[in-house]
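Chemist: Once you've had a glance at the structure underneath, I'll fire off some questions.
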Amino acid sequence: MNLVFFALVAVAFAVAAVRQLLWDAGGLDEVAPMALLTDEMIAAARASVELAIGLVGVMALFLGLMKVAEQGGLLVIIAKTVRPLMTRLFPDVPPNHPAMGAMILNISANVLGLGNAATPFGIRAMQELDKLNPHKGTATNAMALFLAINTSSVTLLPTGVIALRASLGSTEPAAIVPTTLVATLCSTIVAIVVAKSLQRFFATPPPDADSDRVGQPEGQEQQLEPQTANDMPAAPAGADEAYPLRVSLFVLLGVAALVPLTILYGREISPWIVPALMVGLLGFGMAKGVRVYECFVEGAKDGFQVALKIIPYLVAILVAVAMFRASGALEAMVVAIGSVTDPFGLPAEAVPMALLRPLSGSGAYGVMTSIMQDPATGPDTYVGFLVSTLQGSTETTFYVLAVYFGAVQIRRIRHALAAGISADIAGVIAAVVIVGLLFGAL
C-alpha cells in the first residue's frame with residue numbers, strides 16, 4: 001500500500017508539473033493545472049471527513065441489527081449447520097477439536113458480514129490448527145485451505161458496502177446483495193478446488209522444520225500466545241454441536257437456488273432487502289428473548305467508532321485519487337486501457353479497484369468511495385454496482401495471510417497465496433459477469 005499511495009501522488013504531481021510548464025492561459029477563468037491540483041487536494045480532504053460523519057448513522061443501523069442477530073444465536077445456528085460439511089473439507093482436523101469450532105465461527109461471522117467478530121475467531125483457529133501441526137513454521141493443508149476459504153468466504157450480507165452506498169444517496173443500496181452472493185459463491189468454490197488440487201504439489205518439509213522459527217527473540221513466541229488468546233472470544237454455547245448432514249445439504253441447496261433467482265429477479269427483490277432485513281432480524285431477536293432495543297443500541301455504538309477510525313484511511317486514499325484525477329493522469333490511463341478492458345465488462349475506472357482489493361482493504365475502500373462519489377459514475381450506475389460488488393465479494397488477501405500466519409509464526413505458506421489469488425481472480429470475473437447480466441453491461 002505504501003508503494004501504491006506514493007505512486008498515485010508522485011505520478012499525479014509529475015503529470016500536473018508537465019502540464020503546468022506547458023500551460024498557456026487561454027482565459028481568465030481557466031485554472032492553472034497546479035492550482036487545480038491544490039484545490040482538489042483540499043476539497044478531497046474535507047469531503048473525506050464529511051463522508052465518514054455521514055456514514056455514522058447508516059453504519060450504526062447495520063451494526064445494531066447484527067448485534068441483535070449475534071445475541072439471538074444466529075451465529076451458532078449457522079455454525080451447527082455447516083459443521084458436517086466442514087468435517088469433510090478438513091479431514092485432518094478432528095471433528096470435536098477446538099480448531100474446527102473456531103473455523104466455523106470465523107466463516108459464519110464472515111457470511112453475516114461481521115468482520116470484527118471474524119478476525120478473532122480466525123486467529124484462534126490458526127492457533128488451534130498450529131497445535132496439530134507437526135512441522136512448525138510451515139502451513140498445513142488445513143491452514144492453507146482455511147485461509148483460502150477465509151479470503152473468499154460466501155457473503156450473504158455485505159453490510160459495510162450497503163451502508164456506504166446508502167450514505168452516498170443510492171436509491172438501491174442493497175442491490176449488490178445478489179451480485180455479491182453469486183461472486184462469493186464462485187470465488188469460494190474456486191478457492192476450495194485450487195487449494196485441494198495444489199496441496200499435493202507442495203510437499204511438507206521434514207520434521208526438523210521446527211527450526212524454521214528463526215529471527216524471533218527468545219521468549220517472544222511464548223508471549224504471543226497468551227496475549228492473543230486473552231483477546232479471543234469464547235465460543236458460544238452449542239457452537240460445537242451439529243445438525244444432521246441432510247440439514248446442511250438442504251441449506252446448501254437453498255443457497256445455491258438463490259443464484260438463478262437473483263439473476264432473474266435481482267432488481268425486483270433488492271428494494272425489499274433492507275426493510276425485510278430489519279424486520280426479520282428484530283423479529284428473530286424477539287423470538288429468542290433478546291431485549292432488542294438495548295441490544296441494538298449497544299451494537300450501534302460501534303458504528304461511531306468504525307466510521308471515525310476510517311477517517312485517516314479515507315483522507316489518504318481520497319486525496320491521492322483526487323490528485324491522480326485532477327492532474328489528468330487518470331484520464332490518460334482510461335484512454336490507454338479502456339479499449340482493452342471495456343469489451344470484457346471491466347471499465348478502466350474499475351481496474352484500480354480490482355487490482356488494489358487484494359492488497360489493501362482501506363485503499364480499495366477509498367477507491368470505491370471516490371468512484372461512487374464521482375457524478376459521472378455514482379453508486380447506481382454499472383461502474384458503481386461493479387466496484388461495490390468487488391468490495392463486498394473479495395477480501396484483502398495479503399492482509400489476511402499476514403495477520404493469520406503471523407499469529408503462529410508461519411514462514412512457509414506453501415500454496416495458500418496461490419489459492420487466495422485464484423479466488424480473487426474468480427471473484428472479479430464472476431462480479432463482472434453477474435453485474436453485467438443484472439445491470440445491462442452484457
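How things are named: the first chain in the C-alpha cells is A, the next is B, and so on; residues count from 1 in each chain; ligands count from 1 in the order shown.
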List the spatial neighbours of segment 176-189 of chain A as a PyMOL selection string - criterion: any atom at most 8 Å away, only C-alpha atoms, same-chain residues fewer than 6 positions off excluded.
Modeler: chain A and resi 148-149+152-158+162+259+262-263+266+270+385+388-390+392-394+422-428+430-431+434-435
Chemist: Store the residues of this selection in a file with C-alpha atoms, as an mmCIF file, in the first residue's frame.
Modeler:
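Final output, saved to part22.cif:
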```
data_model
loop_
_atom_site.group_PDB
_atom_site.id
_atom_site.type_symbol
_atom_site.label_atom_id
_atom_site.label_comp_id
_atom_site.auth_asym_id
_atom_site.auth_seq_id
_atom_site.Cartn_x
_atom_site.Cartn_y
_atom_site.Cartn_z
ATOM 1 C CA ALA A 148 -8.291 -19.694 1.021
ATOM 2 C CA ILE A 149 -11.894 -20.045 2.210
ATOM 3 C CA SER A 152 -13.265 -15.827 -0.461
ATOM 4 C CA SER A 153 -15.986 -16.542 2.081
ATOM 5 C CA VAL A 154 -19.576 -16.633 0.839
ATOM 6 C CA THR A 155 -21.177 -13.351 1.869
ATOM 7 C CA LEU A 156 -24.905 -13.080 2.384
ATOM 8 C CA LEU A 157 -24.886 -9.510 3.636
ATOM 9 C CA PRO A 158 -22.090 -7.016 2.779
ATOM 10 C CA ILE A 162 -24.584 -1.299 1.719
ATOM 11 C CA VAL A 259 -28.328 -17.826 -7.644
ATOM 12 C CA THR A 262 -31.055 -13.333 -8.143
ATOM 13 C CA ILE A 263 -30.256 -13.366 -11.847
ATOM 14 C CA GLY A 266 -32.480 -9.400 -8.522
ATOM 15 C CA SER A 270 -33.373 -5.524 -3.953
ATOM 16 C CA PHE A 385 -22.586 -1.574 -8.875
ATOM 17 C CA SER A 388 -19.479 -2.226 -4.811
ATOM 18 C CA THR A 389 -19.683 -5.913 -5.696
ATOM 19 C CA LEU A 390 -15.896 -6.169 -5.943
ATOM 20 C CA GLY A 392 -18.180 -6.920 -0.975
ATOM 21 C CA SER A 393 -17.123 -10.138 -2.690
ATOM 22 C CA THR A 394 -13.329 -10.130 -2.426
ATOM 23 C CA SER A 422 -7.046 -17.629 -7.683
ATOM 24 C CA ALA A 423 -10.147 -16.986 -5.595
ATOM 25 C CA ASP A 424 -9.695 -13.219 -6.025
ATOM 26 C CA ILE A 425 -9.449 -13.558 -9.799
ATOM 27 C CA ALA A 426 -12.511 -15.797 -9.883
ATOM 28 C CA GLY A 427 -14.397 -13.274 -7.745
ATOM 29 C CA VAL A 428 -13.566 -10.421 -10.122
ATOM 30 C CA ALA A 430 -17.847 -13.560 -11.513
ATOM 31 C CA ALA A 431 -18.609 -9.998 -10.369
ATOM 32 C CA ILE A 434 -23.299 -11.119 -12.777
ATOM 33 C CA VAL A 435 -23.295 -7.309 -12.602
#
```
Chemist: Find the residues near Leu63 of chain A: any atom within 8 Å, counting only C-alpha atoms, skip ones fewer than 5 places away on the same chain, and give them as a ChimeraX atom specification.
Modeler: /A:296,299-300,302-303
Chemist: Taking N, CA and C atoms for each residue, export the selection above as a CSV table (one decimal), in the first residue's frame.
Modeler:
```
chain,number,residue,atom,x,y,z
A,296,PHE,N,-29.7,-3.5,20.3
A,296,PHE,CA,-29.5,-2.7,19.1
A,296,PHE,C,-28.7,-1.5,19.4
A,299,GLY,N,-25.0,-2.4,20.0
A,299,GLY,CA,-24.3,-2.7,18.7
A,299,GLY,C,-24.1,-1.4,17.9
A,300,ALA,N,-25.1,-0.5,17.9
A,300,ALA,CA,-25.0,0.7,17.1
A,300,ALA,C,-23.9,1.6,17.6
A,302,ASP,N,-20.9,0.9,18.2
A,302,ASP,CA,-19.7,0.6,17.4
A,302,ASP,C,-19.7,1.3,16.1
A,303,GLY,N,-20.9,1.7,15.6
A,303,GLY,CA,-20.9,2.4,14.3
A,303,GLY,C,-20.1,3.7,14.4
```
Chemist: Got a sec: who's within 12 Å of Val297 of chain A, counting only C-alpha atoms, leaving out chain neighbours fewer than 5 positions off, as a list in words?
Modeler: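 Contacts, in chain order: Gly57, Ala60, Leu61, Phe62, Leu63, Gly64, Leu65, Met66, Lys67, Val68, Arg291, Val292, Asp302, Gly303 and Phe304 of chain A.
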Chemist: I'd like the interatomic distance between atom CA of Ile413 of chain A and atom CA of Phe90 of chain A, to a tenth of an Å.
Modeler: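 Taking atom CA of Ile413 of chain A as the start and atom CA of Phe90 of chain A as the end point, the length is 17.4 Å.
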Chemist: Leaving out Asn141 of chain A and any residue of its chain fewer than 5 positions from it, which residues lie within 9 Å of it when counting only C-alpha atoms, given as an mmCIF file with C-alpha atoms, in the first residue's frame?
Modeler:
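After the write, part-v2.cif holds the following:
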```
data_model
loop_
_atom_site.group_PDB
_atom_site.id
_atom_site.type_symbol
_atom_site.label_atom_id
_atom_site.label_comp_id
_atom_site.auth_asym_id
_atom_site.auth_seq_id
_atom_site.Cartn_x
_atom_site.Cartn_y
_atom_site.Cartn_z
ATOM 1 C CA PHE A 90 -10.922 -30.706 6.701
ATOM 2 C CA ASP A 92 -7.091 -33.800 9.020
ATOM 3 C CA PHE A 146 -8.851 -22.314 5.755
ATOM 4 C CA ALA A 195 -6.325 -25.424 -2.541
ATOM 5 C CA LYS A 196 -7.235 -29.108 -2.710
ATOM 6 C CA GLN A 199 -1.699 -29.347 -1.855
ATOM 7 C CA ARG A 414 3.052 -23.197 0.617
ATOM 8 C CA HIS A 415 0.046 -22.936 -1.744
ATOM 9 C CA ALA A 416 -2.069 -20.590 0.405
#
```
Chemist: Skip Pro95 of chain A itself and residues of its chain fewer than 3 positions away, then list as an mmCIF file with N, CA and C atoms, in the first residue's frame all residues within 12 Å of it, counting only C-alpha atoms.
Modeler:
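Written file, result23.cif:
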```
data_model
loop_
_atom_site.group_PDB
_atom_site.id
_atom_site.type_symbol
_atom_site.label_atom_id
_atom_site.label_comp_id
_atom_site.auth_asym_id
_atom_site.auth_seq_id
_atom_site.Cartn_x
_atom_site.Cartn_y
_atom_site.Cartn_z
ATOM 1 N N VAL A 82 -23.180 -25.822 9.240
ATOM 2 C CA VAL A 82 -22.064 -26.095 8.329
ATOM 3 C C VAL A 82 -21.059 -27.090 8.890
ATOM 4 N N ARG A 83 -21.187 -27.486 10.175
ATOM 5 C CA ARG A 83 -20.189 -28.386 10.756
ATOM 6 C C ARG A 83 -20.057 -29.699 9.981
ATOM 7 N N PRO A 84 -21.146 -30.371 9.573
ATOM 8 C CA PRO A 84 -20.966 -31.619 8.818
ATOM 9 C C PRO A 84 -20.187 -31.431 7.515
ATOM 10 N N LEU A 85 -20.363 -30.296 6.860
ATOM 11 C CA LEU A 85 -19.616 -30.029 5.632
ATOM 12 C C LEU A 85 -18.153 -29.734 5.941
ATOM 13 N N MET A 86 -17.908 -29.038 7.043
ATOM 14 C CA MET A 86 -16.541 -28.679 7.410
ATOM 15 C C MET A 86 -15.709 -29.918 7.738
ATOM 16 N N THR A 87 -16.315 -30.883 8.387
ATOM 17 C CA THR A 87 -15.557 -32.087 8.732
ATOM 18 C C THR A 87 -15.113 -32.853 7.487
ATOM 19 N N ARG A 88 -15.821 -32.703 6.403
ATOM 20 C CA ARG A 88 -15.427 -33.352 5.151
ATOM 21 C C ARG A 88 -14.401 -32.527 4.385
ATOM 22 N N LEU A 89 -14.463 -31.227 4.529
ATOM 23 C CA LEU A 89 -13.464 -30.373 3.898
ATOM 24 C C LEU A 89 -12.114 -30.468 4.600
ATOM 25 N N PHE A 90 -12.148 -30.669 5.901
ATOM 26 C CA PHE A 90 -10.922 -30.706 6.701
ATOM 27 C C PHE A 90 -10.792 -32.079 7.386
ATOM 28 N N PRO A 91 -10.489 -33.114 6.623
ATOM 29 C CA PRO A 91 -10.397 -34.455 7.227
ATOM 30 C C PRO A 91 -9.246 -34.597 8.211
ATOM 31 N N ASP A 92 -8.242 -33.712 8.128
ATOM 32 C CA ASP A 92 -7.091 -33.800 9.020
ATOM 33 C C ASP A 92 -7.377 -33.206 10.398
ATOM 34 N N PRO A 98 -10.989 -27.996 19.056
ATOM 35 C CA PRO A 98 -11.312 -26.557 19.116
ATOM 36 C C PRO A 98 -11.055 -25.818 17.811
ATOM 37 N N ALA A 99 -10.116 -26.296 17.000
ATOM 38 C CA ALA A 99 -9.837 -25.635 15.724
ATOM 39 C C ALA A 99 -11.050 -25.661 14.817
ATOM 40 N N MET A 100 -11.789 -26.767 14.835
ATOM 41 C CA MET A 100 -12.976 -26.882 13.985
ATOM 42 C C MET A 100 -14.026 -25.859 14.392
ATOM 43 N N GLY A 101 -14.274 -25.730 15.680
ATOM 44 C CA GLY A 101 -15.256 -24.757 16.150
ATOM 45 C C GLY A 101 -14.865 -23.330 15.828
ATOM 46 N N ALA A 102 -13.572 -23.004 15.990
ATOM 47 C CA ALA A 102 -13.113 -21.644 15.701
ATOM 48 C C ALA A 102 -13.224 -21.323 14.216
ATOM 49 N N MET A 103 -12.889 -22.294 13.358
ATOM 50 C CA MET A 103 -13.010 -22.065 11.917
ATOM 51 C C MET A 103 -14.462 -21.842 11.511
ATOM 52 N N ILE A 104 -15.357 -22.635 12.084
ATOM 53 C CA ILE A 104 -16.771 -22.497 11.749
ATOM 54 C C ILE A 104 -17.298 -21.131 12.176
ATOM 55 N N ASP A 240 -20.299 -26.142 19.216
ATOM 56 C CA ASP A 240 -19.559 -27.347 18.885
ATOM 57 C C ASP A 240 -20.472 -28.510 18.524
ATOM 58 N N GLU A 241 -21.784 -28.262 18.452
ATOM 59 C CA GLU A 241 -22.725 -29.296 18.060
ATOM 60 C C GLU A 241 -22.977 -29.208 16.553
ATOM 61 N N ALA A 242 -23.770 -30.125 16.028
ATOM 62 C CA ALA A 242 -24.006 -30.129 14.579
ATOM 63 C C ALA A 242 -25.400 -30.651 14.276
#
```
Chemist: For atom CA of Ala257 of chain A and atom CA of Leu147 of chain A, quote the distance in Å rounded to one decimal.
Modeler: 26.2 Å
